[in-house]
Structure formats: C-alpha cells, structure tokens
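Asker: Before I ask anything, here is the structure I am working with.
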Amino acid sequence: TLQSVFDAAGPGNGYDKYVVLEQDMIYTGEVGVYEGSVFIEGNGAIVDLNEGLGIWVYAEDEYPANLDIEYVTIINGGYNGLTFNGTSTGNIRNCNFIQNAYGIQIMDSTNISIKNSNFIQNSDYGFAVRGILASFEIRYSNFWENELGPGAFNENC
C-alpha cells in the first residue's frame, strides 16, 4: 500500500520523509501528511486510490507541512487526487490525475506550484481553489475531458 511505503520511508535529500516508489508498480490506498517535509519520487508508478480520500496535506503555522511529488499517476480518487489545506505548501511536477472527483483541490492559505502535469477525465474539476487566500502557479499542464466548469478549473468555489 502507499501508506506502508510512506511509513517505511526515512529522511533524505533535505526532506523529513523521502518516499521512493518503484517504476511500473501500482500502489493502493491513501496517505496524509500533517507535519514536516515529504518528497514522493514516483518513477512512473501509479497510485490507485480505490475511491478513497486521496493524498492530503494539512499544516498550521506551528506545524508546517510540505509535499513535493513527481512522476506519479494518481487515479480513482473518490474525492481528490491531492488536497492541500491550512498553510501547507507543495510542488507537483510531471504527474497525471486521472478519473478522480477533483484532480487537485487547494484550500485555506496553501501555496502550491504545478508544472508539466495532466488532468484527465476527473468527474468534477481538474483543479479547484476553495477560498481566497490560497495561491498557486500552473505551468505547462494539460486539462481535458474533466466534467465540470469552463476549462475544468473552479476558482474560489
């Protein structure tokens, strides 16, 4: 499961947890990050959320949390592929979000960057912002066949 690999990961390259997924493997389940800095090196792996809540990050000023993730395909989220809440931060690079309810949803005072990622056939939105304090940058990314909203974005829902 994704949780078992996450739990077994130790620190590395300046991160509190450095998670390495194996190429061409399918990992199941969800995971939450609620403190520290985490890097997920996907290597082309698939994370099948099995209609679960997804990968989420929550932080407060006293307990900062950051998730950097790259080269992962996240599928079948019953709610979000990735969720950022509170004051969490993150960088998403070269990822695919396919057939989730929302590909990525950010809330509160989060700050994230997305680069070279694809948002495909998500049943609601590819990307959604809830609230007016969250900030983001999206570069060189594609959105197609997401069900709701013009351009598959929903800002300040």
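Residue numbering restarts at 1 for every chain of the structure tokens, chains are lettered A, B, ... in their displayed order, and ligands are numbered from 1 as they appear.
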Using only C-alpha atoms, determine which residues lie at most 8 Å from Ser123 in chain A, disregarding the query and same-chain residues fewer than 6 positions distant; provide the list as a VMD selection string.

Answerer: chain A and resid 99 to 102 146 to 148

Asker: Can you write out the residues you just picked, keeping N, CA and C atoms, as a PDB file, in the first residue's frame?

Answerer:
ATOM      1  N   GLN A  99      -9.356  10.371 -13.553  1.00  0.00           N
ATOM      2  CA  GLN A  99     -10.592   9.776 -13.033  1.00  0.00           C
ATOM      3  C   GLN A  99     -10.723   9.871 -11.514  1.00  0.00           C
ATOM      4  N   ASN A 100     -10.379  11.039 -10.972  1.00  0.00           N
ATOM      5  CA  ASN A 100     -10.678  11.368  -9.579  1.00  0.00           C
ATOM      6  C   ASN A 100     -11.924  12.246  -9.605  1.00  0.00           C
ATOM      7  N   ALA A 101     -12.517  12.552  -8.456  1.00  0.00           N
ATOM      8  CA  ALA A 101     -13.576  13.558  -8.448  1.00  0.00           C
ATOM      9  C   ALA A 101     -12.949  14.913  -8.799  1.00  0.00           C
ATOM     10  N   TYR A 102     -11.945  15.327  -8.043  1.00  0.00           N
ATOM     11  CA  TYR A 102     -11.131  16.509  -8.333  1.00  0.00           C
ATOM     12  C   TYR A 102      -9.697  16.021  -8.499  1.00  0.00           C
ATOM     13  N   ASN A 146     -12.402  16.789 -18.347  1.00  0.00           N
ATOM     14  CA  ASN A 146     -12.876  16.926 -16.975  1.00  0.00           C
ATOM     15  C   ASN A 146     -14.321  17.410 -17.088  1.00  0.00           C
ATOM     16  N   GLU A 147     -15.198  16.925 -16.264  1.00  0.00           N
ATOM     17  CA  GLU A 147     -16.634  17.086 -16.479  1.00  0.00           C
ATOM     18  C   GLU A 147     -17.186  18.491 -16.266  1.00  0.00           C
ATOM     19  N   LEU A 148     -16.775  19.196 -15.229  1.00  0.00           N
ATOM     20  CA  LEU A 148     -17.420  20.449 -14.868  1.00  0.00           C
ATOM     21  C   LEU A 148     -16.553  21.662 -15.153  1.00  0.00           C
TER      22      LEU A 148
END

Asker: When DSSP works through the backbone of this structure, what residues of chain A end up as alpha helix (DSSP H), shown as an MDAnalysis selection string?

Answerer: chainID A and resid 2:8

Asker: Could those residues be written to a file, using N, CA, C and O atoms, as a compact mmCIF listing (two decimals), in the first residue's frame?

Answerer:
# COMPACT_ATOMS: atom_id res chain seq x y z
N LEU A 2 0.29 2.35 -0.40
CA LEU A 2 1.02 3.62 -0.34
C LEU A 2 1.38 3.96 1.10
O LEU A 2 2.49 4.42 1.38
N GLN A 3 0.48 3.70 2.03
CA GLN A 3 0.73 4.00 3.44
C GLN A 3 1.92 3.21 3.98
O GLN A 3 2.75 3.75 4.71
N SER A 4 2.06 1.95 3.60
CA SER A 4 3.18 1.15 4.12
C SER A 4 4.52 1.67 3.60
O SER A 4 5.50 1.69 4.34
N VAL A 5 4.57 2.09 2.34
CA VAL A 5 5.81 2.65 1.79
C VAL A 5 6.11 3.99 2.47
O VAL A 5 7.25 4.28 2.81
N PHE A 6 5.07 4.79 2.68
CA PHE A 6 5.23 6.07 3.37
C PHE A 6 5.76 5.86 4.79
O PHE A 6 6.70 6.53 5.21
N ASP A 7 5.18 4.93 5.51
CA ASP A 7 5.59 4.67 6.90
C ASP A 7 7.05 4.19 6.98
O ASP A 7 7.76 4.50 7.94
N ALA A 8 7.49 3.42 5.99
CA ALA A 8 8.84 2.87 6.00
C ALA A 8 9.91 3.87 5.54
O ALA A 8 11.10 3.65 5.75

Asker: Could you pull out all residues of range 17-142 of chain A with a DSSP call of strand (DSSP E or B) and give them as a PyMOL selection string?

Answerer: chain A and resi 17-20+26-28+31-33+36-48+55-60+63+65-75+80-86+89-93+96-98+102-107+111-115+118-120+125-130+135-139+142

Asker: List the neighbours of Ala134 in chain A out to 9 Å using only C-alpha atoms; skip same-chain residues closer than 3 positions along the sequence, and give me the result as a tab-separated table (two decimals) with N, CA and C atoms, in the first residue's frame.

Answerer:
chain	number	residue	atom	x	y	z
A	85	ASN	N	-4.45	21.76	2.51
A	85	ASN	CA	-5.26	22.53	3.46
A	85	ASN	C	-4.38	23.32	4.41
A	87	THR	N	-2.04	25.85	5.98
A	87	THR	CA	-0.93	26.65	5.45
A	87	THR	C	0.08	25.76	4.71
A	106	ILE	N	-7.17	22.87	-3.57
A	106	ILE	CA	-6.43	23.60	-2.55
A	106	ILE	C	-7.39	24.50	-1.78
A	107	MET	N	-7.09	24.69	-0.50
A	107	MET	CA	-7.97	25.47	0.37
A	107	MET	C	-7.15	26.35	1.30
A	108	ASP	N	-7.84	27.18	2.05
A	108	ASP	CA	-7.27	27.98	3.12
A	108	ASP	C	-6.14	28.88	2.61
A	109	SER	N	-4.96	28.80	3.22
A	109	SER	CA	-3.82	29.65	2.85
A	109	SER	C	-2.68	28.84	2.25
A	110	THR	N	-3.01	27.85	1.47
A	110	THR	CA	-1.99	26.99	0.86
A	110	THR	C	-1.27	27.72	-0.26
A	111	ASN	N	-0.11	27.19	-0.63
A	111	ASN	CA	0.68	27.75	-1.72
A	111	ASN	C	1.33	26.60	-2.46
A	112	ILE	N	0.93	26.38	-3.71
A	112	ILE	CA	1.48	25.27	-4.48
A	112	ILE	C	1.90	25.70	-5.87
A	129	VAL	N	-9.90	25.69	-6.44
A	129	VAL	CA	-9.42	26.54	-5.35
A	129	VAL	C	-10.62	26.90	-4.50
A	130	ARG	N	-10.56	26.61	-3.21
A	130	ARG	CA	-11.63	26.97	-2.28
A	130	ARG	C	-11.11	28.04	-1.34
A	131	GLY	N	-11.74	29.18	-1.37
A	131	GLY	CA	-11.31	30.31	-0.55
A	131	GLY	C	-10.47	31.28	-1.36
A	156	ASN	N	-12.18	29.70	-6.25
A	156	ASN	CA	-12.93	30.34	-5.16
A	156	ASN	C	-14.36	29.83	-5.08

Asker: For CA of Lys115 in chain A and CA of Phe136 in chain A, quote the distance in Å rounded to one decimal.

Answerer: 10.8 Å

Asker: Find the residues near Tyr18 in chain A: any atom within 12 Å, counting only C-alpha atoms, skip ones fewer than 3 places away on the same chain, and give them as a ChimeraX atom specification.

Answerer: /A:5-15,21,36-42,66-70

Asker: Keeping only C-alpha atoms, write those residues as a PDB file, in the first residue's frame.

Answerer:
ATOM      1  CA  VAL A   5       5.809   2.651   1.792  1.00  0.00           C
ATOM      2  CA  PHE A   6       5.226   6.068   3.368  1.00  0.00           C
ATOM      3  CA  ASP A   7       5.594   4.674   6.897  1.00  0.00           C
ATOM      4  CA  ALA A   8       8.844   2.869   5.999  1.00  0.00           C
ATOM      5  CA  ALA A   9      10.449   5.927   4.371  1.00  0.00           C
ATOM      6  CA  GLY A  10      13.205   7.762   6.192  1.00  0.00           C
ATOM      7  CA  PRO A  11      14.747  11.191   5.721  1.00  0.00           C
ATOM      8  CA  GLY A  12      16.775  12.062   2.642  1.00  0.00           C
ATOM      9  CA  ASN A  13      17.930  14.919   0.428  1.00  0.00           C
ATOM     10  CA  GLY A  14      16.778  17.529   2.937  1.00  0.00           C
ATOM     11  CA  TYR A  15      13.298  16.039   3.433  1.00  0.00           C
ATOM     12  CA  LEU A  21       8.030   4.337  -5.490  1.00  0.00           C
ATOM     13  CA  GLY A  36       7.319  18.017   8.078  1.00  0.00           C
ATOM     14  CA  SER A  37       8.547  17.963   4.515  1.00  0.00           C
ATOM     15  CA  VAL A  38       7.853  14.976   2.281  1.00  0.00           C
ATOM     16  CA  PHE A  39       9.123  14.101  -1.182  1.00  0.00           C
ATOM     17  CA  ILE A  40       7.471  11.375  -3.248  1.00  0.00           C
ATOM     18  CA  GLU A  41       9.694  10.196  -6.093  1.00  0.00           C
ATOM     19  CA  GLY A  42       7.194   8.401  -8.291  1.00  0.00           C
ATOM     20  CA  ASN A  66       5.148  20.442   2.570  1.00  0.00           C
ATOM     21  CA  LEU A  67       4.663  17.793  -0.117  1.00  0.00           C
ATOM     22  CA  ASP A  68       6.765  17.702  -3.271  1.00  0.00           C
ATOM     23  CA  ILE A  69       5.736  14.960  -5.689  1.00  0.00           C
ATOM     24  CA  GLU A  70       6.859  13.996  -9.166  1.00  0.00           C
TER      25      GLU A  70
END

Asker: Pick the closest to Glu35 in chain A from A:Ile92, A:Ala65, A:Ile138, A:Val19: which is it, counting only C-alpha atoms?

Answerer: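 Going through A:Ile92, A:Ala65, A:Ile138, A:Val19 one by one, the smallest distance to Glu35 in chain A is for A:Ala65.
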
Asker: Quick one, how far is CA of Ile120 in chain A from CA of Thr83 in chain A?

Answerer: 16.8 Å

Asker: Using only C-alpha atoms for the distances, tell me which of A:Asn91, A:Ser141, A:Gln105, A:Thr73 is nearest to Tyr27 in chain A.

Answerer: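 Among the listed residues, A:Thr73 lies closest to Tyr27 in chain A.
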
Asker: Quick one: of A:Gly103, A:Gly44, A:Gly90, A:Gly32, who's nearest to Ala128 in chain A, counting only C-alpha atoms?

Answerer: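 Of all the options, A:Gly103 lies closest to Ala128 in chain A.
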
Asker: What does the structure give for the distance between CA of Tyr125 in chain A and CA of Trp56 in chain A, in Å to one decimal?

Answerer: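 These two atoms are separated by 16.8 Å.
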